[in-house]
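Worksheet: the structure to be examined is printed underneath.
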Amino acid sequence: MPADTEVQPIVEMRGITIAFPGVLALDGVDFRLIPGEIHSLMGENGAGKSTLIKALTGVYAIDSGTIAVSGSERRFEATADAQAAGISTVYQEVNLCANLSVGENVMLGHEKRGRAGIDWRATHSEAERHLAGLGLRLDSRSELGSHSIAIQQLIAIARAMVLDAKVLILDEPTSSLDRGEVEQLFAVIRDLRDSGVAILFVSHFLDQVYEISDRITVLRNGQLVGEHLAADLPKDALVAEMIGRELEDLAAISDRADREIDRTGTPIVKATGLGKRGMLEPADLEVYDGEVVGLAGLLGSGRTELVRLLYGADRAETGEVAVDGTSVRIHSPRHAIDHGIAFSSEDRRGEGVVADLTVAENMILGIQARRGWLRRVSKAEQDAVVAEYMEALGVRPADPHVPIGNLSGGNQQKVLLARWLATAPELLILDEPTRGIDVGAKADIQRKVAELSEKGLSVIFISSELEEVLRLAQRVIVLRDRKAVGELDAHEVDLDGLVDYIAHSEEGSVSR
Amino acid sequence: MSATDATTTTSSASGAGAKGMIGTFTSRYASVLPTFAAITILIALLAGAEIYFGNFLTGRNMSALLLDNAYLMVLAVGMTFVIVTAGIDLSVGSVMAFTGIFGASLFASGVPFVIVIPVMLLSGVAIGLLIGVLVQYFNVQPFIASLAGLFLGRGLAYVVSLQSIRVEDPVLLWLGSTRFTLGDFYIAPTGVIALLTVIVGALVMHFTRFGRTVYAVGGSEQSARLMGLNVARTKVMVYVISGLCGGLAGLVLTAYTGSGYPRNGIGTELDVIAVVVIGGTLLSGGRGYVLGSMIGVFVFGTINTIINFMGAEQSWTHIIVGALLLLFIVVQRAIVARSDRSR
Amino acid sequence: MRILRHRLFWPAAALVTLLVVNTIANPNFARITIRDGQLYGNPITILRDSAPLMLVALGMTLVIATRGIDLSVGAIMAVSGAVALTIIDDSPNPGSVGTVVVAVIVAVVVGLVLGVWNGFLVSVIGIQPIIATLVLMLAGRGVALLITGGEITTVNSAPYKFIASGYLIILPIAFFIWVAAVVVVSMLERRTALGMLTESVGINPEASRLAGVRSRGIIWSAYIASGVLAGIAGVIYASNTMAADANSAGYLIELYAILAVVLGGTSLMGGKFSIAGTVIGVMTVQALEKAILFLGVPPAQAPVFFAVVVVVVVLLQAPRVHAWGRAAGRRMGVGAKPRTDDRKEVAA
């Protein structure tokens with residue numbers, strides 16, 4: 001049904017460029033959407049997908065380029081402008097108001113009005129009509145916050161329908177949905193497509209992309225790599241376009257990681273039955289001396305939850321942790337640090353850097369916190385730490401006295417790595433250390449991890465880029481649906497095998 | 001609520017039986033609970049006072065409750081709008097003082113009420129607009145922006161006059177001193193103004209798109225913006241409304257006392273915030289009711305009256321209100337913590 | 001060091017300008033005379049009278065650095081002053097140094113206890129600082145009124161009066177008290193790691209927690225410091241008036257203190273703080289008050305001027321105004337500017 005390129009695109013973006021301080025997020029990208037087709041936007045983290053979406057929805061102003069909707073050029077100053085032009089978005093983190101009712105969220109700004117203001121009865125029945133159109137039978141007057149994320153996502157789509165959207169953007173809509181919910185969502189999307197809506201779909205699940213897409217556009221490092229019909233683009237070609245040259249640069253690292261770990265002794269850290277209701281079903285984890293354990297799974301699979309419980313960032317309800325064979329109680333990050341565990345969060349900005357403090361202060365924060373406020377890390381000690389890590393990790397700019405907030409993401413990540421290495425941990429937990437940073441810094445960080453583990457540091461490494469996990473880890477634990485579902489020897493599995501395992505390890509069949 | 005709940009949502013909505021009803025109730029009306037708590041406290045206070053004193057629940061007493069607190073009620077309506085957007089307005093007490101004394105001095109120089117009253121309201125609006133613009137367009141924290149409003153209002157009040165000014169205008173005196181009676185009960189025009197303000201406020205909050213946007217902004221400003229709502233205008237407007245209420249309260253208080261006084265309303269902003277919170281509005285925004293704030297005013301007034309009856313120090317009022325405020329905040333905190341966990 | 005100088009340049013320039021204007025408007029302003037080996041004159045009065053505000057603003061600086069705010073300082077002043085004067089009033093020997101020492105210690109301890117209470121509500125229960133301290137702001141004056149029995153207790157005690165109006169060598173005692181407080185607080189914050197950890201907690205509480213910082217204790221300590229300093233301020237204020245006036249002691253001082261902190265360049269968003277900046281800020285507020293007085297404006301009308309100052313200061317800090325400044329420099333449109341904030345967040 002799609003593929004007729006003679007049809008006039010509903011959206012045509014040309015030469016879109018957006019620069020952030022220090023980063024060229026989009027570099028002259030062309031992109032188009034054709035009515036009645038589902039178009040997937042693919043790329044690694046940091047490739048520019050979300051920036052492109054935000055340009056199209058009026059969240060960001062573009063530095064150069066043009067956006068035309070239905071053939072006429074538009075300039076979006078705010079989301080409302082984009083919505084008025086018929087472009088609606090459903091975000092991964094549902095952007096609705098949890099304090100309001102379901103019906104209100106669907107209708108907000110478009111409530112049915114009678115003579116005496118809003119006619120709630122009509123508004124709710126209209127909302128229920130739109131919800132029913134998506135196969136949802138909900139109490140329109142119930143509070144949004146009382147529903148699951150999956151339902152909220154569908155409610156957000158219902159809202160887009162109220163706005164009479166001609167273009168519907170779905171940004172990672174499936175990341176927290178189970179299989180049945182995905183089917184329900186896809187059915188809705190296909191119906192919309194058939195009624196002539198242009199759909200922009202973003203997901204990092206390749207299977208889902210192939211299942212639903214008519215057309216695929218690939219971005220890499222802020223540039224357009226190519227636009228293809230889904231049927232004409234084999235999966236490995238897609239992956240190659242997304243990843244690019246990077247693989248070759250990093251081959252050396254994977255050689256270093258390719259070694260045998262002695263697992264006969266006592267593990268450095270051993271967690272048994274670690275779990276918390278609503279976060280993670282009880283899971284086991286062992287890490288040995290000098291071992292890199294990779295956690296693989298999709299966003300929301302429980303990989304982050306597992307390490308947060310281990311680190312005491314969230315308090316576990318069940319399970320035990322033993323460090324060097326001794327049972328310990330970890331109720332807060334402090335306890336974990338005292339037992340030689342370090343944790344670098346996936347949320348660099350929110351949970352990592354202290355933006356207004358200098359690079360040097362950020363580096364010593366871990367040591368200082370451990371010592372308490374009374375014994376200050378002296379100037380000399382601070383200089384020693386800075387001298388040791390600035391150079392070794394290649395932090396740029398090499399001035400330790402600038403606020404860390406001025407550094408690029410990759411350099412911030414290096415400083416955070418230094419913060420933890422300075423505390424001389426026995427186990428280093430890195431959650432998405434390479435997310436959203438440039439290729440060079442990615443390689444630097446992976447090289448450092450390989451080097452440190454060779455010297456005996458134990459590491460838990462989490463990344464949604466599975467190549468990285470396979471490259472660095474000797475053992476991979478796979479999580480799905482908030483559950484640890486299996487363990488693989490990294491030497492004996494390749495990328496396809498791992499992807500397959502993440503997708504199917506237990507279920508007999510998954511629709512393709 | 002966990003995953004199981006999501007999958008059963010379809011059935012539970014239509015599901016009958018007591019459990020289903022409770023589920024429907026809590027999923028629909030959880031945000032009303034703090035206001036119910038305020039009503040319960042009010043009833044307990046009134047019943048307790050009646051049992052203790054024997055002559056508390058009289059028409060005179062109840063009527064005085066409205067009359068004495070009419071200005072507070074007007075201010076509480078405006079403050080509810082502001083707090084529901086997760087803002088705060090410290091300027092209300094001094095705006096009331098300024099508009100009150102300004103009006104009184106205009107009356108004293110013989111300006112007719114058809115001009116004076118709009119001027120009073122507009123001066124409140126002007127200060128509210130200043131605060132709103134600072135908050136919305138210059139990213140100034142509401143606390144600081146309204147602090148500037150507080151200083152400005154108080155200073156201007158003293159610029160108008162350092163002493164109190166008596167008002168002789170017949171219309172204003174009529175507003176303050178007329179009593180419509182019904183048996184033991186009576187109500188003054190100022191009381192009518194207060195109740196009308198509450199009603200209009202409640203209707204605007206519940207039945208206009210603007211009112212719903214106020215809630216949306218308080219629930220999640222970012223979401224509201226991404227939903228294409230006019231967040232900027234809404235945020236400015238709530239401070240303008242609060243300023244308007246400040247002007248109206250100035251009118252009500254001037255009519256009630258028969259004079260303007262630049263020292264009126266010192267510390268009133270705190271009373272108003274306390275009253276709004278006790279009435280069930282969450283300081284973190286997104287939840288709250290104008291009618292709840294009215295209940296809060298009655299709780300405040302009742303405590304005052306009880307202390308009067310007991311012949312105790314007036315200072316107890318603020319100690320008790322402070323304690324009550326603390327109680328409500330802790331309860332709200334627990335509610336918020338629970339609903340966070342359930343997600 | 002270069003950054004520090006930069007931070008304090010504008011606050012200091014504002015203060016100097018104000019002093020120069022004052023001196024030009026009224027040459028008497030800067031005159032200092034010596035009587036009985038003691039210095040007198042407007043500058044000395046400013047140094048003396050700024051003691052309560054200085055102490056309160058010091059505590060406020062620490063609290064604001066943790067992303068908090070302490071509205072209860074005025075009420076704490078009222079309580080501590082009432083406690084001190086009531087103890088002296090009730091003692092058989094109000095003029096003895098022993099009585100005064102006991103009164104002062106008890107009053108400061110009361111301030112400490114109230115600070116502990118505020119800190120508990122904020123750091124343990126997790127209530128928003130504005131609200132947590134609002135409770136005490138409301139109830140505190142009521143408590144002070146109860147302590148004084150609703151009257152304005154006046155006492156006669158030479159040693160107590162000495163605290164506010166006495167001289168040590170050539171300068172007022174009150175001046176030495178606040179200088180000592182500034183030195184002690186600075187040492188405590190900057191010679192230990194408390195200052196850096198406080199900033200860390202103020203800038204990014206969650207990152208600090210994950211880095212192992214015991215943020216609860218640090219936040220709590222800021223409120224305790226604020227309570228203690230407000231307690232001392234209450235003692236000095238009461239010594240100045242020699243009357244425990246529960247209603248007017250420390251009235252609006254929380255707002256002036258916040259203003260002084262902001263004038264000194266510490267952001268209300270928490271994080272980086274400057275004690276030197278706060279000292280400059282307090283001096284500026286005091287000098288402004290004097291200037292208004294010199295202009296013949298009744299003190300009651302002074303708030304109008306403060307309102308203008310607050311507006312000017314916050315406008316100077318506003319990102320939009322900075323953007324305008326840059327845009328004017330580059331002659332670029334301002335259309336896209338309001339969204340620069342969003343962009344920074346993403347790019348960071």
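Labels used: A, B, ... for chains in the order of the structure tokens, numbers from 1 for residues in each chain, and numbers from 1 for ligands as shown.
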Excluding same-chain residues fewer than 5 positions from Thr35 of chain B, what lies within 7 Å of it counting only C-alpha atoms, as a PDB file with C-alpha atoms, in the first residue's frame?
ATOM      1  CA  GLY B 279      -8.600  23.130  52.671  1.00  0.00           C
ATOM      2  CA  GLY B 280      -6.896  20.345  50.746  1.00  0.00           C
ATOM      3  CA  GLY B 292     -11.944  23.378  49.945  1.00  0.00           C
TER       4      GLY B 292
END
Chain A contacts to chain C at 6 Å (only C-alpha atoms) as a count of residues only: 11
Show me, as a tab-separated table, the residues of segment 227-255 of chain C having an atom within 12 Å of segment 128-142 of chain C, each with the closest atom pair and its distance in Å, using only C-alpha atoms.
residue	atom	partner	partner_atom	distance
C:Gly227	CA	C:Thr133	CA	10.9
C:Ala244	CA	C:Arg141	CA	11.4
C:Asp245	CA	C:Arg141	CA	9.7
C:Ala246	CA	C:Arg141	CA	6.0
C:Asn247	CA	C:Arg141	CA	6.7
C:Ser248	CA	C:Arg141	CA	9.5
C:Ala249	CA	C:Arg141	CA	9.2
C:Gly250	CA	C:Arg141	CA	10.0
C:Tyr251	CA	C:Arg141	CA	9.9
C:Leu252	CA	C:Met137	CA	10.7
C:Ile253	CA	C:Met137	CA	11.5
C:Glu254	CA	C:Met137	CA	9.7
Using N, CA and C atoms, can you export the residues from the last selection as a compact mmCIF listing (two decimals), in the first residue's frame?
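File produced: out_26.txt:
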# COMPACT_ATOMS: atom_id res chain seq x y z
N GLY C 227 19.11 28.34 62.78
CA GLY C 227 18.38 28.52 64.05
C GLY C 227 19.26 29.15 65.11
N ALA C 244 10.89 42.84 75.07
CA ALA C 244 10.54 41.66 74.27
C ALA C 244 9.22 41.92 73.56
N ASP C 245 9.32 42.33 72.33
CA ASP C 245 8.11 42.62 71.56
C ASP C 245 7.92 41.50 70.54
N ALA C 246 7.05 40.59 70.89
CA ALA C 246 6.91 39.38 70.08
C ALA C 246 6.42 39.67 68.67
N ASN C 247 5.77 40.80 68.49
CA ASN C 247 5.23 41.09 67.17
C ASN C 247 6.23 41.75 66.25
N SER C 248 7.04 42.64 66.78
CA SER C 248 7.90 43.39 65.87
C SER C 248 9.34 42.88 65.84
N ALA C 249 9.73 42.01 66.80
CA ALA C 249 11.10 41.49 66.77
C ALA C 249 11.28 40.65 65.52
N GLY C 250 12.27 41.03 64.71
CA GLY C 250 12.57 40.24 63.53
C GLY C 250 11.48 40.27 62.48
N TYR C 251 10.62 41.28 62.54
CA TYR C 251 9.55 41.36 61.57
C TYR C 251 10.11 41.59 60.16
N LEU C 252 9.73 40.77 59.22
CA LEU C 252 10.17 40.82 57.82
C LEU C 252 11.66 40.56 57.64
N ILE C 253 12.36 40.18 58.73
CA ILE C 253 13.81 40.03 58.58
C ILE C 253 14.14 38.88 57.64
N GLU C 254 13.27 37.85 57.59
CA GLU C 254 13.55 36.73 56.68
C GLU C 254 13.61 37.23 55.24
Select from chain B every residue with an atom at most 7 Å from any atom of chain C, then for each give the shortest pair of atoms and their distance in Å to one decimal, using only C-alpha atoms, rows by chain and rising number, as a Markdown table.
| residue | atom | partner | partner_atom | distance |
| --- | --- | --- | --- | --- |
| B:Phe138 | CA | C:Ala318 | CA | 5.4 |
| B:Asn139 | CA | C:Ala318 | CA | 6.2 |
| B:Val140 | CA | C:Val314 | CA | 6.6 |
| B:Ala148 | CA | C:Ala307 | CA | 4.6 |
| B:Gly149 | CA | C:Ala307 | CA | 6.9 |
| B:Phe151 | CA | C:Pro303 | CA | 4.7 |
| B:Leu152 | CA | C:Val304 | CA | 4.7 |
| B:Arg154 | CA | C:Pro303 | CA | 6.5 |
| B:Gly155 | CA | C:Gln301 | CA | 4.4 |
| B:Leu156 | CA | C:Val304 | CA | 6.3 |
| B:Tyr158 | CA | C:Gln301 | CA | 5.3 |
| B:Val159 | CA | C:Gln301 | CA | 5.8 |
| B:Ser315 | CA | C:Gly142 | CA | 4.3 |
| B:Trp316 | CA | C:Gly142 | CA | 6.1 |
| B:His318 | CA | C:Ala139 | CA | 5.1 |
| B:Ile319 | CA | C:Ala139 | CA | 4.1 |
| B:Gly322 | CA | C:Val135 | CA | 4.9 |
| B:Leu325 | CA | C:Val135 | CA | 6.7 |
| B:Leu326 | CA | C:Val135 | CA | 6.3 |
Just the selected residues (N, CA, C and O atoms), exported as a PDB file, in the first residue's frame, please.
ATOM      1  N   PHE B 138      10.459  36.077  33.015  1.00  0.00           N
ATOM      2  CA  PHE B 138      11.831  36.302  33.465  1.00  0.00           C
ATOM      3  C   PHE B 138      12.324  35.206  34.390  1.00  0.00           C
ATOM      4  O   PHE B 138      13.352  35.353  35.047  1.00  0.00           O
ATOM      5  N   ASN B 139      11.568  34.096  34.422  1.00  0.00           N
ATOM      6  CA  ASN B 139      11.993  32.927  35.186  1.00  0.00           C
ATOM      7  C   ASN B 139      12.295  33.225  36.645  1.00  0.00           C
ATOM      8  O   ASN B 139      13.152  32.579  37.234  1.00  0.00           O
ATOM      9  N   VAL B 140      11.635  34.225  37.214  1.00  0.00           N
ATOM     10  CA  VAL B 140      11.847  34.524  38.623  1.00  0.00           C
ATOM     11  C   VAL B 140      10.988  33.555  39.429  1.00  0.00           C
ATOM     12  O   VAL B 140       9.861  33.260  39.054  1.00  0.00           O
ATOM     13  N   ALA B 148       8.639  40.721  45.984  1.00  0.00           N
ATOM     14  CA  ALA B 148       8.723  42.085  45.464  1.00  0.00           C
ATOM     15  C   ALA B 148       7.340  42.727  45.523  1.00  0.00           C
ATOM     16  O   ALA B 148       7.196  43.892  45.905  1.00  0.00           O
ATOM     17  N   GLY B 149       6.312  41.953  45.169  1.00  0.00           N
ATOM     18  CA  GLY B 149       4.940  42.451  45.239  1.00  0.00           C
ATOM     19  C   GLY B 149       4.559  42.828  46.661  1.00  0.00           C
ATOM     20  O   GLY B 149       3.888  43.825  46.898  1.00  0.00           O
ATOM     21  N   PHE B 151       6.617  43.781  49.138  1.00  0.00           N
ATOM     22  CA  PHE B 151       7.290  45.050  49.481  1.00  0.00           C
ATOM     23  C   PHE B 151       6.582  46.221  48.807  1.00  0.00           C
ATOM     24  O   PHE B 151       6.313  47.248  49.427  1.00  0.00           O
ATOM     25  N   LEU B 152       6.301  46.037  47.528  1.00  0.00           N
ATOM     26  CA  LEU B 152       5.713  47.129  46.756  1.00  0.00           C
ATOM     27  C   LEU B 152       4.366  47.548  47.344  1.00  0.00           C
ATOM     28  O   LEU B 152       4.118  48.734  47.587  1.00  0.00           O
ATOM     29  N   ARG B 154       3.094  47.018  50.336  1.00  0.00           N
ATOM     30  CA  ARG B 154       3.195  47.591  51.673  1.00  0.00           C
ATOM     31  C   ARG B 154       3.739  49.018  51.602  1.00  0.00           C
ATOM     32  O   ARG B 154       3.211  49.936  52.235  1.00  0.00           O
ATOM     33  N   GLY B 155       4.784  49.189  50.825  1.00  0.00           N
ATOM     34  CA  GLY B 155       5.373  50.520  50.707  1.00  0.00           C
ATOM     35  C   GLY B 155       4.374  51.517  50.119  1.00  0.00           C
ATOM     36  O   GLY B 155       4.212  52.625  50.635  1.00  0.00           O
ATOM     37  N   LEU B 156       3.695  51.108  49.056  1.00  0.00           N
ATOM     38  CA  LEU B 156       2.720  52.010  48.429  1.00  0.00           C
ATOM     39  C   LEU B 156       1.608  52.360  49.405  1.00  0.00           C
ATOM     40  O   LEU B 156       1.105  53.488  49.417  1.00  0.00           O
ATOM     41  N   TYR B 158       1.866  52.795  52.537  1.00  0.00           N
ATOM     42  CA  TYR B 158       2.364  53.871  53.388  1.00  0.00           C
ATOM     43  C   TYR B 158       2.577  55.163  52.610  1.00  0.00           C
ATOM     44  O   TYR B 158       2.524  56.249  53.176  1.00  0.00           O
ATOM     45  N   VAL B 159       2.855  55.030  51.315  1.00  0.00           N
ATOM     46  CA  VAL B 159       2.980  56.231  50.493  1.00  0.00           C
ATOM     47  C   VAL B 159       1.634  56.958  50.445  1.00  0.00           C
ATOM     48  O   VAL B 159       1.559  58.176  50.529  1.00  0.00           O
ATOM     49  N   SER B 315      -2.820  34.508  70.703  1.00  0.00           N
ATOM     50  CA  SER B 315      -1.638  33.906  70.083  1.00  0.00           C
ATOM     51  C   SER B 315      -1.814  32.411  69.863  1.00  0.00           C
ATOM     52  O   SER B 315      -1.143  31.819  69.024  1.00  0.00           O
ATOM     53  N   TRP B 316      -2.724  31.794  70.622  1.00  0.00           N
ATOM     54  CA  TRP B 316      -2.954  30.367  70.417  1.00  0.00           C
ATOM     55  C   TRP B 316      -3.457  30.078  69.014  1.00  0.00           C
ATOM     56  O   TRP B 316      -3.225  29.018  68.468  1.00  0.00           O
ATOM     57  N   HIS B 318      -2.546  31.154  66.133  1.00  0.00           N
ATOM     58  CA  HIS B 318      -1.502  30.844  65.169  1.00  0.00           C
ATOM     59  C   HIS B 318      -0.742  29.575  65.512  1.00  0.00           C
ATOM     60  O   HIS B 318      -0.279  28.860  64.630  1.00  0.00           O
ATOM     61  N   ILE B 319      -0.642  29.314  66.816  1.00  0.00           N
ATOM     62  CA  ILE B 319       0.027  28.066  67.187  1.00  0.00           C
ATOM     63  C   ILE B 319      -0.799  26.882  66.694  1.00  0.00           C
ATOM     64  O   ILE B 319      -0.282  25.936  66.093  1.00  0.00           O
ATOM     65  N   GLY B 322      -0.753  26.680  62.936  1.00  0.00           N
ATOM     66  CA  GLY B 322       0.551  26.141  62.538  1.00  0.00           C
ATOM     67  C   GLY B 322       0.591  24.635  62.701  1.00  0.00           C
ATOM     68  O   GLY B 322       1.031  23.903  61.812  1.00  0.00           O
ATOM     69  N   LEU B 325      -1.584  23.025  60.122  1.00  0.00           N
ATOM     70  CA  LEU B 325      -0.897  23.095  58.834  1.00  0.00           C
ATOM     71  C   LEU B 325       0.120  21.948  58.728  1.00  0.00           C
ATOM     72  O   LEU B 325       0.163  21.223  57.734  1.00  0.00           O
ATOM     73  N   LEU B 326       0.874  21.781  59.813  1.00  0.00           N
ATOM     74  CA  LEU B 326       1.882  20.714  59.827  1.00  0.00           C
ATOM     75  C   LEU B 326       1.207  19.361  59.631  1.00  0.00           C
ATOM     76  O   LEU B 326       1.642  18.543  58.807  1.00  0.00           O
TER      77      LEU B 326
END
Shell of 10 Å around Leu66 of chain B, only C-alpha atoms, local chain residues under 4 positions omitted, as a PyMOL selection string: chain B and resi 61-62+70-73+186-188+190-192+194-195+294+297-298+301
Members of segment 197-396 of chain A assigned alpha helix (DSSP H) by DSSP, as number ranges by chain: A: 206-212, 235-243, 246-257, 303-311, 333-338, 348-351, 359-371, 379-393
Chain A contacts to chain B at 9 Å (only C-alpha atoms) as number ranges by chain: A: 57, 59, 78-84, 88-89, 94-101, 104-105, 108-111, 113, 116-120, 136-139, 141-151, 159, 278
Interatomic distance, atom CA of Leu33 of chain A to atom CA of Asp232 of chain A (Å, one decimal):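 Interatomic distance here is 17.8 Å.
Take the candidates C:Leu18, C:Val102, C:Ala107, C:Val228 and check each one against Glu289 of chain C using only C-alpha atoms; the shortest distance goes to C:Leu18.
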Atom CA of Val321 of chain A to atom CA of Ile462 of chain A, straight-line distance in Å: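 A separation of 19.6 Å between them.
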Two-atom distance - atom CA of Leu416 of chain A, atom CA of Ile69 of chain C (Å): 29.9 Å
Shell of 7 Å around Gly115 of chain C, only C-alpha atoms, local chain residues under 2 positions omitted, as a list in words: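 Selected residues are Gly111, Leu112, Val113, Trp117, Asn118, Gly119, Tyr223, Ile224, Ser226, Gly227 and Val228 of chain C.
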Residues of segment 60-251 of chain B in strand (DSSP E), written as a list in words: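 Output for segment 60-251 of chain B, strand (DSSP E) only: Ile165, Arg166, Phe180, Thr181, Leu182, Phe185, Tyr186 and Ile187 of chain B.
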